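Raw contents of input_34.csv, CSV, C-alpha atoms:
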```csv
chain,number,residue,atom,x,y,z
A,2,MET,CA,0.0,0.0,0.0
A,3,PRO,CA,1.4,3.5,-0.8
A,4,ASN,CA,2.4,5.8,2.1
A,5,LEU,CA,-0.9,7.6,2.5
A,6,PRO,CA,-1.6,10.4,4.9
A,7,SER,CA,-3.2,9.7,8.2
A,8,GLU,CA,-6.9,9.0,8.2
A,9,PRO,CA,-9.4,11.5,6.8
A,10,LEU,CA,-10.5,14.3,9.1
A,11,VAL,CA,-14.2,13.3,8.8
A,12,ALA,CA,-13.3,9.8,10.0
A,13,ILE,CA,-11.3,11.2,12.9
A,14,ALA,CA,-14.1,13.5,13.8
A,15,MET,CA,-16.6,10.7,13.8
A,16,ARG,CA,-14.4,8.5,15.9
A,17,MET,CA,-13.7,11.1,18.5
A,18,GLY,CA,-17.3,12.2,18.7
A,19,LEU,CA,-16.8,15.7,17.2
A,20,LEU,CA,-19.7,15.7,14.7
A,21,LEU,CA,-22.0,17.2,17.2
A,22,GLY,CA,-25.7,17.2,16.8
A,23,LEU,CA,-25.9,14.3,14.4
A,24,ALA,CA,-28.4,11.7,15.5
A,25,GLY,CA,-26.8,8.4,16.2
A,26,CYS,CA,-23.0,9.1,15.9
A,27,GLY,CA,-22.3,6.2,18.3
A,28,GLY,CA,-19.2,4.2,18.9
A,29,GLY,CA,-16.7,6.5,20.6
A,30,GLY,CA,-18.9,9.6,20.3
A,31,GLU,CA,-22.3,10.9,21.1
A,32,VAL,CA,-25.6,9.5,20.1
A,33,GLY,CA,-29.0,11.0,19.4
A,34,PRO,CA,-32.3,9.9,21.0
A,35,PRO,CA,-33.4,6.3,20.8
A,36,GLY,CA,-34.4,5.1,17.4
A,37,GLY,CA,-32.1,7.5,15.4
A,38,ASP,CA,-30.0,6.3,12.5
A,39,ALA,CA,-26.4,5.6,13.5
A,40,SER,CA,-23.1,5.8,11.8
A,41,ARG,CA,-20.0,4.2,13.2
A,42,ALA,CA,-17.9,6.6,15.1
A,43,ASP,CA,-15.5,4.1,16.4
A,44,GLY,CA,-12.7,1.8,15.6
A,45,GLY,CA,-10.2,1.3,12.8
A,46,ASP,CA,-7.5,3.4,11.3
A,47,ALA,CA,-7.0,4.7,7.8
A,48,GLY,CA,-4.5,5.1,5.1
A,49,ARG,CA,-2.0,2.6,6.3
A,50,PRO,CA,1.4,1.9,4.7
A,51,SER,CA,2.8,-1.6,4.9
A,52,ASP,CA,6.4,-1.0,5.6
A,53,GLY,CA,6.4,-2.2,9.2
A,54,SER,CA,9.2,-3.7,11.2
A,55,GLY,CA,9.5,-7.2,12.4
A,56,PRO,CA,8.8,-8.4,15.9
A,57,ALA,CA,11.2,-8.3,18.7
A,58,ASP,CA,11.9,-10.8,21.4
A,59,ALA,CA,9.0,-11.7,23.7
A,60,SER,CA,8.9,-10.1,27.1
A,61,ASP,CA,6.8,-10.2,30.3
A,62,GLY,CA,3.6,-9.9,28.4
A,63,GLY,CA,3.6,-13.6,27.3
A,64,GLY,CA,2.7,-16.7,29.2
A,65,PRO,CA,-0.5,-18.8,29.5
A,66,PRO,CA,-3.6,-16.6,30.2
A,67,THR,CA,-6.2,-18.3,32.4
A,68,LEU,CA,-8.9,-17.6,29.8
A,69,GLN,CA,-9.1,-21.0,28.1
A,70,GLY,CA,-11.4,-21.9,25.2
A,71,PHE,CA,-12.9,-19.8,22.5
A,72,PHE,CA,-15.1,-16.8,23.1
A,73,PRO,CA,-17.1,-15.3,20.3
A,74,GLY,CA,-19.5,-12.5,21.0
A,75,THR,CA,-20.5,-8.9,20.4
A,76,ASN,CA,-20.2,-5.4,21.8
A,77,LEU,CA,-23.2,-4.2,23.8
A,78,SER,CA,-23.0,-0.5,23.1
A,79,GLY,CA,-24.7,2.5,24.7
A,80,ALA,CA,-22.9,3.4,27.9
A,81,GLU,CA,-20.1,5.1,25.9
A,82,PHE,CA,-22.5,7.4,24.1
A,83,GLY,CA,-22.8,11.1,24.7
A,84,SER,CA,-19.2,12.0,25.2
A,85,ASP,CA,-19.9,15.7,24.5
A,86,ARG,CA,-22.5,15.8,27.2
A,87,LEU,CA,-20.9,14.8,30.5
A,88,PRO,CA,-22.1,13.5,32.7
A,89,GLY,CA,-25.3,13.4,30.6
A,90,VAL,CA,-28.7,12.0,31.4
A,91,LEU,CA,-29.3,8.3,31.5
A,92,GLY,CA,-31.9,7.4,28.9
A,93,THR,CA,-31.3,10.6,27.0
A,94,ASP,CA,-27.6,10.9,26.3
A,95,TYR,CA,-26.5,7.4,27.0
A,96,ILE,CA,-27.9,4.0,28.0
A,97,TYR,CA,-26.9,0.7,29.4
A,98,PRO,CA,-28.2,-2.1,27.3
A,99,PRO,CA,-31.1,-4.0,28.8
A,100,HIS,CA,-31.0,-7.5,30.2
A,101,SER,CA,-33.0,-8.7,27.2
A,102,ASP,CA,-29.9,-8.0,25.0
A,103,VAL,CA,-27.9,-10.4,27.2
A,104,ASP,CA,-30.7,-13.0,27.0
A,105,TYR,CA,-30.8,-12.7,23.2
A,106,PHE,CA,-27.1,-13.0,22.5
A,107,ALA,CA,-26.4,-15.5,25.2
A,108,GLY,CA,-29.2,-17.5,23.8
A,109,LYS,CA,-27.6,-17.5,20.4
A,110,GLY,CA,-24.4,-18.9,21.9
A,111,PHE,CA,-22.3,-15.8,22.2
A,112,ARG,CA,-19.9,-16.3,25.1
A,113,MET,CA,-18.2,-12.8,25.3
A,114,LEU,CA,-20.1,-9.5,25.7
A,115,ARG,CA,-17.9,-6.4,25.5
A,116,ILE,CA,-19.4,-3.5,27.5
A,117,PRO,CA,-18.1,0.0,26.6
A,118,PHE,CA,-18.5,2.9,29.0
A,119,LEU,CA,-16.9,6.3,29.5
A,120,TRP,CA,-14.1,6.8,32.0
A,121,GLU,CA,-15.2,10.4,32.8
A,122,ARG,CA,-18.7,9.2,33.9
A,123,MET,CA,-17.3,6.3,35.9
A,124,GLN,CA,-14.7,8.6,37.6
A,125,PRO,CA,-15.7,12.3,37.3
A,126,THR,CA,-12.6,13.5,39.1
A,127,LEU,CA,-9.2,11.9,38.7
A,128,ASP,CA,-7.7,10.2,41.7
A,129,GLN,CA,-11.1,10.3,43.4
A,130,ALA,CA,-13.8,7.7,44.1
A,131,LEU,CA,-15.8,6.1,41.3
A,132,ASP,CA,-19.4,7.4,40.8
A,133,PRO,CA,-21.7,5.1,42.8
A,134,ALA,CA,-24.6,5.3,40.3
A,135,GLN,CA,-22.4,4.6,37.3
A,136,LEU,CA,-20.7,1.7,39.0
A,137,ALA,CA,-24.1,0.2,40.0
A,138,LEU,CA,-25.2,0.4,36.4
A,139,LEU,CA,-22.1,-1.4,35.2
A,140,GLN,CA,-22.3,-4.0,37.9
A,141,ASP,CA,-25.9,-4.7,37.2
A,142,LEU,CA,-25.2,-5.5,33.5
A,143,VAL,CA,-22.0,-7.4,34.2
A,144,THR,CA,-23.5,-9.5,36.9
A,145,TYR,CA,-26.5,-10.4,34.8
A,146,ALA,CA,-24.3,-11.3,31.9
A,147,THR,CA,-22.1,-13.6,33.9
A,148,SER,CA,-25.2,-15.1,35.6
A,149,ARG,CA,-26.3,-16.2,32.1
A,150,GLY,CA,-23.0,-17.9,31.5
A,151,ALA,CA,-21.4,-15.2,29.4
A,152,TYR,CA,-18.1,-13.5,30.0
A,153,ALA,CA,-18.1,-9.7,30.4
A,154,LEU,CA,-15.4,-7.6,28.9
A,155,ILE,CA,-15.5,-4.2,30.5
A,156,ASP,CA,-14.1,-1.4,28.3
A,157,PRO,CA,-13.3,2.2,29.1
A,158,HIS,CA,-14.0,3.5,25.6
A,159,ASN,CA,-11.7,6.5,25.7
A,160,TYR,CA,-9.0,6.2,23.1
A,161,ALA,CA,-6.3,6.7,25.8
A,162,ARG,CA,-7.8,10.1,26.7
A,163,TYR,CA,-9.6,11.8,29.6
A,164,ARG,CA,-11.7,14.8,28.7
A,165,GLY,CA,-9.8,14.9,25.4
A,166,ALA,CA,-6.2,14.9,26.9
A,167,VAL,CA,-3.9,12.0,26.1
A,168,VAL,CA,-3.0,9.9,29.1
A,169,GLY,CA,0.6,10.5,30.2
A,170,SER,CA,1.1,13.5,27.9
A,171,THR,CA,2.3,16.9,28.9
A,172,GLY,CA,-0.9,18.6,27.7
A,173,ALA,CA,-3.0,20.8,30.0
A,174,GLY,CA,-5.2,18.7,32.2
A,175,ALA,CA,-3.8,15.4,30.9
A,176,PRO,CA,-4.0,12.5,33.3
A,177,THR,CA,-0.8,10.9,34.3
A,178,SER,CA,-0.1,7.2,33.7
A,179,ALA,CA,-0.3,6.8,37.5
A,180,GLN,CA,-3.8,8.4,37.5
A,181,PHE,CA,-4.9,5.9,34.8
A,182,GLY,CA,-3.5,3.2,37.0
A,183,SER,CA,-5.4,4.7,40.0
A,184,PHE,CA,-8.6,4.4,38.0
A,185,TRP,CA,-8.1,0.7,37.3
A,186,GLY,CA,-6.9,0.2,40.9
A,187,ARG,CA,-10.4,1.4,42.0
A,188,LEU,CA,-12.4,-0.5,39.4
A,189,ALA,CA,-10.6,-3.8,39.5
A,190,PRO,CA,-11.4,-4.9,43.1
A,191,VAL,CA,-15.2,-4.5,42.3
A,192,PHE,CA,-14.9,-7.5,39.9
A,193,ALA,CA,-11.9,-9.3,41.2
A,194,THR,CA,-13.9,-12.2,42.6
A,195,ASP,CA,-15.6,-13.0,39.2
A,196,PRO,CA,-13.3,-14.8,36.8
A,197,ARG,CA,-15.8,-14.3,34.0
A,198,VAL,CA,-15.1,-10.6,34.0
A,199,VAL,CA,-12.3,-9.6,31.7
A,200,PHE,CA,-10.5,-6.2,31.9
A,201,GLY,CA,-10.1,-4.4,28.6
A,202,LEU,CA,-7.6,-1.7,29.5
A,203,MET,CA,-8.6,0.9,27.0
A,204,ASN,CA,-10.4,1.3,23.6
A,205,GLU,CA,-8.2,2.2,20.7
A,206,PRO,CA,-5.3,4.3,21.8
A,207,HIS,CA,-4.1,6.5,18.9
A,208,ASP,CA,-2.0,9.6,17.9
A,209,MET,CA,0.5,9.1,20.6
A,210,ALA,CA,3.9,7.5,21.0
A,211,THR,CA,3.6,3.7,21.2
A,212,GLU,CA,6.1,3.8,24.1
A,213,LEU,CA,3.8,6.2,26.0
A,214,TRP,CA,0.9,3.9,25.6
A,215,LEU,CA,3.0,1.0,26.9
A,216,ALA,CA,3.9,3.0,30.0
A,217,ASP,CA,0.2,3.8,30.5
A,218,ALA,CA,-0.8,0.1,30.0
A,219,ASN,CA,1.9,-1.2,32.4
A,220,ALA,CA,0.8,1.4,35.1
A,221,ALA,CA,-2.8,0.1,34.8
A,222,ILE,CA,-1.7,-3.6,34.9
A,223,ALA,CA,0.5,-3.0,38.0
A,224,ALA,CA,-2.4,-1.2,39.8
A,225,ILE,CA,-4.8,-4.1,38.9
A,226,ARG,CA,-2.5,-6.7,40.3
A,227,ALA,CA,-1.7,-4.6,43.4
A,228,ALA,CA,-5.4,-4.4,44.0
A,229,GLY,CA,-5.5,-8.2,44.3
A,230,ALA,CA,-7.3,-8.9,41.0
A,231,SER,CA,-6.1,-11.8,38.9
A,232,ASN,CA,-8.6,-11.4,36.1
A,233,VAL,CA,-7.5,-11.7,32.5
A,234,ILE,CA,-6.4,-8.3,31.0
A,235,PHE,CA,-6.9,-7.5,27.3
A,236,VAL,CA,-4.2,-5.1,26.2
A,237,PRO,CA,-4.6,-3.1,22.9
A,238,GLY,CA,-1.8,-1.5,20.9
A,239,ASN,CA,-1.4,2.0,19.5
A,240,ALA,CA,-2.9,3.3,16.2
A,241,TRP,CA,-6.5,2.2,17.0
A,242,THR,CA,-4.9,-1.2,17.7
A,243,GLY,CA,-5.4,-2.2,14.0
A,244,ALA,CA,-4.4,-5.8,13.3
A,245,HIS,CA,-3.4,-4.8,9.8
A,246,SER,CA,-1.0,-2.1,11.1
A,247,TRP,CA,0.5,-4.0,14.0
A,248,THR,CA,3.9,-4.2,12.3
A,249,ASP,CA,3.7,-0.8,10.6
A,250,ASN,CA,5.8,2.2,11.6
A,251,TYR,CA,3.8,5.1,10.2
A,252,TYR,CA,2.5,5.9,13.8
A,253,GLY,CA,6.0,5.5,15.4
A,254,THR,CA,7.6,2.4,16.7
A,255,PRO,CA,5.5,-0.5,15.7
A,256,ASN,CA,3.2,-2.3,18.1
A,257,SER,CA,5.0,-5.5,17.2
A,258,THR,CA,8.1,-4.1,18.8
A,259,VAL,CA,6.9,-2.0,21.7
A,260,MET,CA,4.0,-4.1,23.0
A,261,LEU,CA,6.2,-7.0,23.8
A,262,GLY,CA,7.2,-4.9,26.7
A,263,VAL,CA,3.9,-5.5,28.5
A,264,GLN,CA,4.6,-6.5,32.1
A,265,ASP,CA,2.2,-8.6,34.1
A,266,PRO,CA,3.6,-10.4,37.2
A,267,ILE,CA,1.1,-13.3,36.7
A,268,HIS,CA,1.4,-13.4,32.9
A,269,ASN,CA,-2.4,-13.2,32.4
A,270,VAL,CA,-2.7,-10.9,29.4
A,271,ILE,CA,-4.1,-11.2,25.9
A,272,TYR,CA,-3.5,-8.7,23.1
A,273,GLU,CA,-6.7,-7.0,21.7
A,274,VAL,CA,-6.8,-5.8,18.1
A,275,HIS,CA,-9.6,-4.4,15.9
A,276,GLN,CA,-10.1,-4.8,12.2
A,277,TYR,CA,-12.5,-3.4,9.5
A,278,PHE,CA,-12.8,-4.2,5.8
A,279,ASP,CA,-13.3,-0.9,4.1
A,280,ALA,CA,-10.6,0.9,2.0
A,281,ASP,CA,-9.2,3.0,4.9
A,282,PHE,CA,-9.9,0.4,7.6
A,283,SER,CA,-12.0,2.9,9.5
A,284,GLY,CA,-15.3,0.9,9.5
A,285,THR,CA,-17.2,3.9,8.3
A,286,HIS,CA,-18.1,2.7,4.7
A,287,PRO,CA,-20.4,0.0,3.5
A,288,ASP,CA,-18.1,-1.4,0.9
A,289,CYS,CA,-15.4,-4.0,1.6
A,290,THR,CA,-12.2,-3.9,-0.5
A,291,SER,CA,-12.2,-7.6,-1.3
A,292,THR,CA,-13.5,-11.0,-0.2
A,293,THR,CA,-10.2,-11.8,1.5
A,294,ILE,CA,-9.3,-8.5,3.1
A,295,GLY,CA,-10.0,-9.8,6.6
A,296,SER,CA,-7.7,-12.8,6.5
A,297,GLN,CA,-5.0,-10.8,4.8
A,298,SER,CA,-5.2,-8.1,7.4
A,299,LEU,CA,-4.9,-10.6,10.3
A,300,ALA,CA,-2.1,-12.6,8.8
A,301,ALA,CA,0.9,-10.7,10.1
A,302,PHE,CA,-0.5,-10.2,13.6
A,303,THR,CA,-1.3,-13.9,13.7
A,304,GLN,CA,2.2,-14.9,12.8
A,305,TRP,CA,3.5,-12.4,15.4
A,306,MET,CA,1.5,-14.2,18.1
A,307,LYS,CA,2.8,-17.6,17.0
A,308,ASP,CA,6.4,-16.3,16.9
A,309,HIS,CA,6.1,-15.0,20.5
A,310,SER,CA,3.8,-17.5,22.1
A,311,VAL,CA,1.1,-14.9,23.0
A,312,ARG,CA,-2.6,-14.9,22.2
A,313,GLY,CA,-5.0,-12.4,20.8
A,314,PHE,CA,-8.6,-11.3,20.7
A,315,LEU,CA,-10.5,-9.4,18.0
A,316,GLY,CA,-12.4,-6.8,20.0
A,317,GLU,CA,-14.1,-5.1,17.1
A,318,PHE,CA,-14.9,-5.9,13.5
A,319,GLY,CA,-18.0,-5.3,11.4
A,320,SER,CA,-19.3,-5.3,7.9
A,321,ALA,CA,-22.4,-4.1,6.0
A,322,ASP,CA,-24.9,-6.5,4.4
A,323,ASN,CA,-23.7,-7.1,0.9
A,324,PRO,CA,-22.2,-10.1,-1.0
A,325,THR,CA,-18.5,-8.9,-0.9
A,326,CYS,CA,-18.6,-8.1,2.8
A,327,ALA,CA,-20.4,-11.3,3.7
A,328,ALA,CA,-17.7,-13.3,1.9
A,329,ALA,CA,-15.0,-11.2,3.6
A,330,LEU,CA,-16.6,-11.8,7.0
A,331,ASP,CA,-16.8,-15.5,6.5
A,332,ASP,CA,-13.2,-15.6,5.2
A,333,MET,CA,-11.8,-13.8,8.2
A,334,LEU,CA,-13.7,-15.9,10.7
A,335,SER,CA,-12.6,-19.0,9.0
A,336,PHE,CA,-9.1,-17.8,9.2
A,337,ILE,CA,-9.5,-17.3,12.9
A,338,ASP,CA,-11.0,-20.8,13.3
A,339,ARG,CA,-7.9,-22.3,11.6
A,340,ASN,CA,-5.7,-20.4,14.1
A,341,ARG,CA,-7.5,-20.9,17.4
A,342,ASP,CA,-4.2,-21.9,18.9
A,343,VAL,CA,-3.5,-18.2,19.2
A,344,TRP,CA,-6.9,-16.6,18.8
A,345,VAL,CA,-9.1,-16.5,21.9
A,346,GLY,CA,-12.3,-15.1,20.3
A,347,TRP,CA,-14.0,-12.0,18.9
A,348,THR,CA,-16.7,-9.5,19.6
A,349,TRP,CA,-18.7,-7.9,16.7
A,350,TRP,CA,-19.2,-4.2,16.5
A,351,ALA,CA,-22.0,-3.7,17.5
A,352,ALA,CA,-25.3,-4.4,19.2
A,353,GLY,CA,-27.3,-2.2,21.6
A,354,PRO,CA,-30.7,-0.6,21.7
A,355,TRP,CA,-29.9,2.8,20.1
A,356,TRP,CA,-28.3,1.9,16.8
A,357,GLY,CA,-31.4,2.3,14.7
A,358,ASN,CA,-30.5,1.7,11.0
A,359,TYR,CA,-26.7,1.6,11.6
A,360,MET,CA,-25.2,-0.7,8.9
A,361,PHE,CA,-23.2,-2.9,11.3
A,362,SER,CA,-25.9,-3.3,13.9
A,363,ILE,CA,-26.9,-6.9,14.8
A,364,GLU,CA,-29.5,-5.7,17.4
A,365,PRO,CA,-32.7,-7.6,16.5
A,366,ALA,CA,-35.4,-5.5,14.9
A,367,ASN,CA,-39.0,-6.3,15.5
A,368,GLY,CA,-38.0,-9.8,16.6
A,369,GLN,CA,-36.0,-10.5,13.4
A,370,ASP,CA,-32.3,-11.4,13.3
A,371,LYS,CA,-30.0,-9.1,11.3
A,372,PRO,CA,-28.5,-10.6,8.1
A,373,GLN,CA,-24.9,-10.6,9.3
A,374,LEU,CA,-25.9,-12.8,12.3
A,375,ALA,CA,-26.2,-15.9,10.0
A,376,THR,CA,-22.5,-15.7,9.2
A,377,LEU,CA,-21.5,-15.1,12.7
A,378,LEU,CA,-23.4,-18.1,14.0
A,379,ARG,CA,-21.6,-20.4,11.6
A,380,HIS,CA,-18.4,-19.7,13.5
A,381,LEU,CA,-19.5,-20.1,17.1
```
Just give me the structure as structure tokens.
Amino acid sequence: MPNLPSEPLVAIAMRMGLLLGLAGCGGGGEVGPPGGDASRADGGDAGRPSDGSGPADASDGGGPPTLQGFFPGTNLSGAEFGSDRLPGVLGTDYIYPPHSDVDYFAGKGFRMLRIPFLWERMQPTLDQALDPAQLALLQDLVTYATSRGAYALIDPHNYARYRGAVVGSTGAGAPTSAQFGSFWGRLAPVFATDPRVVFGLMNEPHDMATELWLADANAAIAAIRAAGASNVIFVPGNAWTGAHSWTDNYYGTPNSTVMLGVQDPIHNVIYEVHQYFDADFSGTHPDCTSTTIGSQSLAAFTQWMKDHSVRGFLGEFGSADNPTCAAALDDMLSFIDRNRDVWVGWTWWAAGPWWGNYMFSIEPANGQDKPQLATLLRHL
């Protein structure tokens, strides 16, 4: 691929929730009232060159995670909406998906439910207590999910930012790596006794030094373990944690080099990547570039895992309902099936009650399954 510029400004604006006032700009941004149409405002990275560096030696991030088996599932979106309206009003600016969503997807055989939420709502002031009402909402959904036999992947959906400032940066108001660790040190004990709760450190860090993100991640991991929680931790990389760009260097030192420096004293981490099929890998377009774009995009990251005896999870992917995308989806999931020695599972982007006519939504409509669900169910 030619050395293209960084992703289009519109895609960045959508991802960061800056297209204000548009009904249903979900994902990492705000959302309109229930029932509005939604466009993906999350995930992916665009315009990626392919001149990456090779992997380095494995470090503390390896070892055998306690999460054994294969865990397909979906994102249950809604609690991360309304990032421009903090704290916002429950039911107006954001929503926690209902128990009926858990029943539906668990009933289909989905084993992992990724639950995005906003750090700023959960902890309105850095280094201070978690908000009791927000924590109760998250606990309610997580507890119900695990009671139905699913695993819950909790996800601060913040792109390594707090109120727009990059974690660990020198910008005004930026949280330190230690403050990010402090947040996780407060949240982890709440779920430490439930091995079905997985800690997703952060959604899609980007536009920062990979080394800085590693420092942030290691601070959070250290705080989680110091709090006595042994839960599995999912660790993303830099550059929206794109699988296809894992070995690239357009964003700085490649994830494939830096992220081997993940340090966990109990070696219970899994690497989380995201992957979309459109031309800029942003997940904002209905067209997929080819029927094999998924498997091609995962190939280098998969080999990296095998080379370093680590495992990975596909935390976000999605495609519209058309023949090329259906074939690309089936191809990628078949590739993962063939490599389950290193792949732990996947969660589709997305489900949740406020997506409306969003092209990637698999939320049932009027009791009817969405078309993409048929392909997903073949790979459970």
Quote the spacing between atom CA of A:Ile225 and atom CA of A:Gly186 in Å to one decimal place.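 Taking atom CA of A:Ile225 and atom CA of A:Gly186, their separation equals 5.2 Å.
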d(atom CA of A:Thr290, atom CA of A:Asp331) in Å: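 Going from atom CA of A:Thr290 over to atom CA of A:Asp331 covers 14.3 Å.
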For A:Gly74, work out the shell of residues within 7 Å, counting only C-alpha atoms and skipping chain neighbours fewer than 5 positions away, then give it as a list of chain:residue names. A:Phe111, A:Arg112, A:Met113, A:Leu114, A:Trp347, A:Thr348, A:Trp349
Next, the residues of the selection above should be written as an mmCIF file, in the coordinates of the input with C-alpha atoms.
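Contents of the output file selection.cif:
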```cif
data_model
loop_
_atom_site.group_PDB
_atom_site.id
_atom_site.type_symbol
_atom_site.label_atom_id
_atom_site.label_comp_id
_atom_site.auth_asym_id
_atom_site.auth_seq_id
_atom_site.Cartn_x
_atom_site.Cartn_y
_atom_site.Cartn_z
ATOM 1 C CA PHE A 111 -22.300 -15.800 22.200
ATOM 2 C CA ARG A 112 -19.900 -16.300 25.100
ATOM 3 C CA MET A 113 -18.200 -12.800 25.300
ATOM 4 C CA LEU A 114 -20.100 -9.500 25.700
ATOM 5 C CA TRP A 347 -14.000 -12.000 18.900
ATOM 6 C CA THR A 348 -16.700 -9.500 19.600
ATOM 7 C CA TRP A 349 -18.700 -7.900 16.700
#
```
Excluding same-chain residues fewer than 4 positions from A:Pro287, what lies within 8 Å of it counting only C-alpha atoms, as an NGL selection string? :A and (279 or 320-322 or 360)
Atom CA of A:Val345 to atom CA of A:Asn269: how many Å, to one decimal?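 Interatomic distance here is 12.9 Å.
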If you count only C-alpha atoms, which residues fall within 12 Å of A:Gln304, apart from same-chain ones fewer than 3 positions away, as a PyMOL selection string? chain A and resi 55-56+244-245+247-248+257+296-301+307-313+337+340+342-344
Report as a PyMOL selection string all protein, DNA and RNA residues lying within 7 Å of A:Ala221, evaluated on all atoms listed in the file, omitting residues in the same chain fewer than 3 positions from it. chain A and resi 181-182+185+217-218+224-225
Neighbours of A:Gly316 within 9 Å (all atoms listed in the file; same-chain residues fewer than 6 positions away dropped), as a list in words?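 Residues near the query, excluding close chain neighbours: Thr75, Asn76, Arg115, Glu273, Val274, His275, Gln276, Gly346, Trp347, Thr348, Trp349 and Trp350 of chain A.
Each of A:Phe278, A:Tyr163, A:Phe82, A:Phe192 was checked against A:Ala230 using all atoms listed in the file; the smallest atom-to-atom distance is that of A:Phe192.
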Stretch 268-339 of chain A residues near stretch 374-381 of chain A within 8 Å, closest pair each, using all atoms listed in the file, as a tab-separated table:
```
residue	atom	partner	partner_atom	distance
A:Ala327	CA	A:Thr376	CA	7.3
A:Leu330	CA	A:Thr376	CA	7.4
A:Asp331	CA	A:Thr376	CA	6.3
A:Leu334	CA	A:His380	CA	6.7
A:Ser335	CA	A:His380	CA	7.4
A:Asp338	CA	A:His380	CA	7.5
```
